[in-house]
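As stored in protein-v3.csv (CSV, C-alpha atoms):
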chain,number,residue,atom,x,y,z
A,462,MET,CA,0.0,0.0,0.0
A,463,LYS,CA,1.3,3.5,-0.9
A,464,TYR,CA,0.9,6.2,1.6
A,465,ASP,CA,1.3,10.0,1.3
A,466,ILE,CA,4.0,10.8,3.8
A,467,GLN,CA,5.0,14.3,4.7
A,468,ILE,CA,7.4,15.8,7.3
A,469,ARG,CA,6.5,19.2,8.6
A,470,GLN,CA,8.1,21.5,11.1
A,471,ALA,CA,5.7,22.0,14.0
A,472,GLN,CA,4.2,25.4,14.5
A,473,PRO,CA,2.6,27.2,17.5
A,474,GLY,CA,-0.7,25.3,18.0
A,475,ASP,CA,0.9,21.9,17.4
A,476,GLU,CA,1.9,21.4,21.0
A,477,MET,CA,-0.9,18.9,21.7
A,478,VAL,CA,-0.2,17.0,18.5
A,479,VAL,CA,3.4,16.4,19.7
A,480,GLU,CA,2.3,15.6,23.3
A,481,ASN,CA,-0.4,13.2,22.1
A,482,LEU,CA,2.1,11.4,19.8
A,483,LEU,CA,4.6,11.0,22.6
A,484,THR,CA,2.1,10.0,25.3
A,485,THR,CA,0.6,7.4,22.9
A,486,LYS,CA,4.1,6.0,22.3
A,487,VAL,CA,4.7,5.8,26.1
A,488,HIS,CA,1.6,3.7,26.4
A,489,GLU,CA,2.5,1.5,23.4
A,490,LEU,CA,5.9,0.8,24.9
A,491,ALA,CA,4.6,0.3,28.4
A,492,ALA,CA,2.3,-2.5,26.9
A,493,LYS,CA,5.6,-4.2,25.8
A,494,ASP,CA,7.3,-3.6,29.2
A,495,ILE,CA,9.6,-1.0,27.7
A,496,VAL,CA,10.3,2.4,29.3
A,497,GLN,CA,11.7,5.1,27.0
A,498,TRP,CA,10.1,8.1,28.7
A,499,GLU,CA,7.8,8.6,31.7
A,500,LEU,CA,4.5,10.2,31.0
A,501,ASP,CA,5.3,13.3,33.0
A,502,GLU,CA,8.4,13.8,30.7
A,503,VAL,CA,6.3,14.1,27.5
A,504,THR,CA,3.6,16.6,28.5
A,505,TRP,CA,4.0,19.8,26.7
A,506,ASP,CA,4.5,21.6,30.0
A,507,ALA,CA,7.6,19.4,30.6
A,508,LEU,CA,8.8,19.5,27.0
A,509,SER,CA,8.5,23.3,26.8
A,510,LYS,CA,11.2,23.7,29.5
A,511,ASP,CA,13.8,22.4,26.9
A,512,TYR,CA,12.1,22.8,23.6
A,513,ASP,CA,10.3,25.4,21.5
A,514,ILE,CA,7.5,23.9,19.4
A,515,THR,CA,9.4,24.7,16.2
A,516,ASN,CA,12.2,22.3,17.4
A,517,PHE,CA,9.7,19.5,16.6
A,518,TYR,CA,8.9,17.9,13.3
A,519,ILE,CA,5.7,15.9,12.8
A,520,VAL,CA,5.4,13.1,10.3
A,521,TYR,CA,2.0,12.7,8.7
A,522,ARG,CA,0.9,9.6,6.9
A,523,ASP,CA,-2.2,10.4,4.7
A,524,ASN,CA,-2.6,13.6,6.8
A,525,LYS,CA,-2.6,11.8,10.1
A,526,PRO,CA,0.2,12.4,12.6
A,527,VAL,CA,2.1,9.2,13.2
A,528,ALA,CA,5.6,10.2,14.2
A,529,THR,CA,7.7,13.0,15.6
A,530,PHE,CA,11.2,14.1,16.5
A,531,SER,CA,12.9,17.2,17.7
A,532,VAL,CA,16.1,18.9,16.5
A,533,VAL,CA,18.2,21.3,18.5
A,534,ASP,CA,21.6,23.0,17.8
A,535,TYR,CA,22.9,22.6,21.4
A,536,ASP,CA,22.8,19.6,23.7
A,537,PRO,CA,24.8,20.2,26.9
A,538,THR,CA,23.1,17.3,28.6
A,539,TYR,CA,24.6,14.5,26.6
A,540,TRP,CA,27.3,16.2,24.5
A,541,LEU,CA,29.1,17.9,27.4
A,542,HIS,CA,32.1,19.3,25.4
A,543,ASP,CA,30.2,20.6,22.4
A,544,LYS,CA,29.6,24.3,21.9
A,545,PRO,CA,26.3,25.9,20.7
A,546,LYS,CA,25.7,25.6,17.0
A,547,GLU,CA,28.5,23.1,16.6
A,548,ALA,CA,26.1,20.4,15.4
A,549,LEU,CA,22.5,19.5,15.1
A,550,TYR,CA,21.1,16.9,17.6
A,551,ILE,CA,18.0,14.8,17.2
A,552,HIS,CA,15.8,13.8,20.2
A,553,LYS,CA,12.4,12.3,21.0
A,554,VAL,CA,12.4,10.2,17.9
A,555,MET,CA,9.3,8.0,17.8
A,556,VAL,CA,6.9,6.3,15.4
A,557,LEU,CA,3.5,5.0,16.4
A,558,ASP,CA,3.1,1.2,16.2
A,559,GLU,CA,0.5,1.6,13.5
A,560,ALA,CA,3.2,3.2,11.2
A,561,SER,CA,6.1,1.0,12.2
A,562,LYS,CA,8.0,-1.0,9.5
A,563,SER,CA,6.9,1.6,7.0
A,564,GLY,CA,10.3,3.3,6.4
A,565,ILE,CA,9.3,6.4,8.3
A,566,SER,CA,12.1,6.1,10.9
A,567,THR,CA,14.7,6.0,8.1
A,568,MET,CA,12.9,9.0,6.4
A,569,MET,CA,13.2,10.9,9.6
A,570,LEU,CA,16.9,10.2,9.9
A,571,ASP,CA,17.5,11.2,6.3
A,572,TYR,CA,15.5,14.4,6.8
A,573,PHE,CA,17.6,15.2,9.9
A,574,LYS,CA,20.8,14.6,7.9
A,575,GLU,CA,19.5,16.8,5.1
A,576,LEU,CA,18.5,19.5,7.6
A,577,GLY,CA,22.1,19.5,8.9
A,578,ARG,CA,23.5,19.9,5.3
A,579,LYS,CA,21.1,22.7,4.4
A,580,GLN,CA,22.0,24.6,7.6
A,581,GLY,CA,25.7,24.2,6.9
A,582,TYR,CA,26.7,21.7,9.6
A,583,ALA,CA,29.6,19.3,9.2
A,584,VAL,CA,28.0,16.7,11.6
A,585,VAL,CA,24.7,15.7,13.1
A,586,LYS,CA,24.5,13.8,16.4
A,587,LEU,CA,22.2,11.6,18.5
A,588,ASP,CA,22.3,9.7,21.8
A,589,VAL,CA,20.8,6.4,22.8
A,590,ARG,CA,20.9,4.3,25.9
A,591,ALA,CA,23.9,2.0,25.5
A,592,TYR,CA,21.9,-1.2,26.4
A,593,LYS,CA,19.5,-0.6,23.5
A,594,LYS,CA,21.5,-2.8,21.1
A,595,PRO,CA,18.9,-3.2,18.3
A,596,LEU,CA,18.4,0.6,18.2
A,597,ARG,CA,22.1,1.2,18.2
A,598,ALA,CA,22.5,-1.3,15.3
A,599,TYR,CA,19.7,0.5,13.4
A,600,TYR,CA,21.5,3.9,13.8
A,601,GLU,CA,24.8,2.3,12.7
A,602,ARG,CA,23.1,0.8,9.6
A,603,ASN,CA,22.0,4.3,8.8
A,604,GLY,CA,25.6,5.6,8.8
A,605,PHE,CA,26.0,6.9,12.4
A,606,THR,CA,29.3,6.1,14.0
A,607,LEU,CA,29.8,5.5,17.7
A,608,VAL,CA,31.8,8.3,19.3
A,609,GLU,CA,31.9,7.1,22.9
A,610,ILE,CA,29.8,5.6,25.7
A,611,VAL,CA,29.5,7.9,28.6
A,612,ASP,CA,28.1,7.6,32.1
A,613,LEU,CA,26.2,10.7,32.9
A,614,GLY,CA,25.4,9.6,36.5
A,615,LYS,CA,21.7,9.1,35.7
A,616,GLY,CA,21.8,5.4,36.3
A,617,TYR,CA,22.5,4.4,32.7
A,618,LEU,CA,25.2,4.5,30.1
A,619,THR,CA,24.6,6.6,27.0
A,620,ALA,CA,26.0,5.8,23.5
A,621,LEU,CA,26.8,9.0,21.6
A,622,TYR,CA,26.7,8.8,17.8
A,623,GLU,CA,27.5,11.1,15.0
A,624,TYR,CA,27.0,11.3,11.2
A,625,LYS,CA,29.5,13.3,9.2
A,626,LEU,CA,27.9,15.3,6.5
Would you encode the structure as C-alpha cells?
Amino acid sequence: MKYDIQIRQAQPGDEMVVENLLTTKVHELAAKDIVQWELDEVTWDALSKDYDITNFYIVYRDNKPVATFSVVDYDPTYWLHDKPKEALYIHKVMVLDEASKSGISTMMLDYFKELGRKQGYAVVKLDVRAYKKPLRAYYERNGFTLVEIVDLGKGYLTALYEYKL
C-alpha cells in the first residue's frame, strides 16, 4: 500500500499533537514492558522547558500524525564538550506502532541529515541508551558512528553517535 508521507516542522498550535504522539508512544511501549520516557516527561508543560514547538517535526501519513522528533543546535546534557551551533542533535524520535515498519524512521533520519546539510553543519548527532543494542545497530546501519559511551550519572550509560555530512 502506498501512503502519502510528509514531514512538517511543528508550529505554534501543534503542542498537543506532539504531546499526544509522545504519550501514545509511552503507552504503546509500556504495553511491551519498555520504558523510553515517563508520562510526566512528555507533557507539553515538561517539554516546553527544553524545547520550542518549532524544534519538533511531525510526520504525517495520509494527513494523520504518526511520528515526531525534535532537532536542536545545542545539547549540553549529553554532549558535554560541544559548543552551541557546533552540530544538530535529534531527540524524542518516535513512530507510532501503526506506522512502524513503513520506512518512516529512516525517512526521519534522512530528513535530519539533510536539515544539517542545508544549515551548513559538518555533523549531526544523537544519543541512545547503551543497552538498546537493536536501536544502536539501526543507527549504525543508517551511517551513524559511535563516538563514545558515557556515564552521565543518571543510572545508565549513553552511547553517543555522529554522522559526518
Completion exercise
re atom CA of A:Leu557 and atom CA of A:Val527: distance 5.5 Å
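Proximity to A:Asp513 was assessed for A:Glu559, A:Ile495, A:Asp612, A:Glu476 counting all atoms listed in the file; the smallest distance is recorded for A:Glu476.
For the residues A:Glu623, A:Asp543, A:Asp511, A:Glu601, ranking by smallest atom-to-atom distance to A:Lys574 using only C-alpha atoms places A:Glu623 first.
The spacing separating atom CA of A:Thr504 from atom CA of A:Met477 amounts to 8.5 Å.
Take the candidates A:Val585, A:Met568, A:Ala560, A:Leu500 and check each one against A:Tyr535 using all atoms listed in the file; the shortest distance goes to A:Val585.
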Problem - Cut-off 8 Å around (11.2, 11.3, 7.2) with all atoms listed in the file: residues as a list in words - result: Ile466, Gln467, Ile468, Val520, Ile565, Ser566, Thr567, Met568, Met569, Leu570, Asp571, Tyr572 and Phe573 of chain A
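Take the candidates A:Leu483, A:Ala598, A:Leu613, A:Val589 and check each one against A:Pro537 using all atoms listed in the file; the shortest distance goes to A:Leu613.
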Exercise for the section: With a distance cut-off of 12 Å and all atoms listed in the file, select the neighbouring residues of A:Gly577, excluding the residue or stretch itself and same-chain residues fewer than 3 positions from it, and output the selection as a PyMOL selection string. Expected result: chain A and resi 532-534+546-551+570-574+580-586+623-626
Store the residues of this selection in a file with C-alpha atoms, as a compact mmCIF listing (two decimals), in the frame of the given file.
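out08.txt was written with the following content:
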# COMPACT_ATOMS: atom_id res chain seq x y z
CA VAL A 532 16.10 18.90 16.50
CA VAL A 533 18.20 21.30 18.50
CA ASP A 534 21.60 23.00 17.80
CA LYS A 546 25.70 25.60 17.00
CA GLU A 547 28.50 23.10 16.60
CA ALA A 548 26.10 20.40 15.40
CA LEU A 549 22.50 19.50 15.10
CA TYR A 550 21.10 16.90 17.60
CA ILE A 551 18.00 14.80 17.20
CA LEU A 570 16.90 10.20 9.90
CA ASP A 571 17.50 11.20 6.30
CA TYR A 572 15.50 14.40 6.80
CA PHE A 573 17.60 15.20 9.90
CA LYS A 574 20.80 14.60 7.90
CA GLN A 580 22.00 24.60 7.60
CA GLY A 581 25.70 24.20 6.90
CA TYR A 582 26.70 21.70 9.60
CA ALA A 583 29.60 19.30 9.20
CA VAL A 584 28.00 16.70 11.60
CA VAL A 585 24.70 15.70 13.10
CA LYS A 586 24.50 13.80 16.40
CA GLU A 623 27.50 11.10 15.00
CA TYR A 624 27.00 11.30 11.20
CA LYS A 625 29.50 13.30 9.20
CA LEU A 626 27.90 15.30 6.50
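Nearest to A:Pro526 of all the residues A:Val611, A:Leu490, A:Ile514, A:Leu482 is A:Leu482, counting only C-alpha atoms.
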Within-6 Å shell of (9.5, 11.9, 21.4) in input frame, all atoms listed in the file, as a CSV table (one decimal) with C-alpha atoms, keeping the file's coordinate frame:
chain,number,residue,atom,x,y,z
A,483,LEU,CA,4.6,11.0,22.6
A,530,PHE,CA,11.2,14.1,16.5
A,553,LYS,CA,12.4,12.3,21.0
A,554,VAL,CA,12.4,10.2,17.9
A,555,MET,CA,9.3,8.0,17.8
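What separates atom CA of A:Gly604 from atom CA of A:Leu576 is a distance of 15.7 Å.
Within the 12 Å cut-off around A:His488, using all atoms listed in the file and omitting residues fewer than 3 positions from it on the same chain, the listed residues are Asn481, Leu482, Leu483, Thr484, Thr485, Ala491, Ala492, Lys493, Asp494, Ile495, Val496, Gln497, Trp498, Glu499, Leu500, Val503, Leu557 and Asp558 of chain A.
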Could you please take those selected residues and save C-alpha atoms as a PDB file, in the coordinates of the input?
ATOM      1  CA  ASN A 481      -0.400  13.200  22.100  1.00  0.00           C
ATOM      2  CA  LEU A 482       2.100  11.400  19.800  1.00  0.00           C
ATOM      3  CA  LEU A 483       4.600  11.000  22.600  1.00  0.00           C
ATOM      4  CA  THR A 484       2.100  10.000  25.300  1.00  0.00           C
ATOM      5  CA  THR A 485       0.600   7.400  22.900  1.00  0.00           C
ATOM      6  CA  ALA A 491       4.600   0.300  28.400  1.00  0.00           C
ATOM      7  CA  ALA A 492       2.300  -2.500  26.900  1.00  0.00           C
ATOM      8  CA  LYS A 493       5.600  -4.200  25.800  1.00  0.00           C
ATOM      9  CA  ASP A 494       7.300  -3.600  29.200  1.00  0.00           C
ATOM     10  CA  ILE A 495       9.600  -1.000  27.700  1.00  0.00           C
ATOM     11  CA  VAL A 496      10.300   2.400  29.300  1.00  0.00           C
ATOM     12  CA  GLN A 497      11.700   5.100  27.000  1.00  0.00           C
ATOM     13  CA  TRP A 498      10.100   8.100  28.700  1.00  0.00           C
ATOM     14  CA  GLU A 499       7.800   8.600  31.700  1.00  0.00           C
ATOM     15  CA  LEU A 500       4.500  10.200  31.000  1.00  0.00           C
ATOM     16  CA  VAL A 503       6.300  14.100  27.500  1.00  0.00           C
ATOM     17  CA  LEU A 557       3.500   5.000  16.400  1.00  0.00           C
ATOM     18  CA  ASP A 558       3.100   1.200  16.200  1.00  0.00           C
TER      19      ASP A 558
END
Put a box with edges along x, y and z around all the listed atoms of stretch 469-476 of chain A, pad it by 8 Å on each side, then give me its centre and sizes in Å, one decimal, as JSON.
{"center_x": 3.7, "center_y": 23.2, "center_z": 14.8, "size_x": 24.8, "size_y": 24.0, "size_z": 28.4}
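Comparing A:Thr606, A:Ser531, A:Thr619, A:Thr538 by their smallest distance to A:Tyr512, the closest is A:Ser531 (using only C-alpha atoms).
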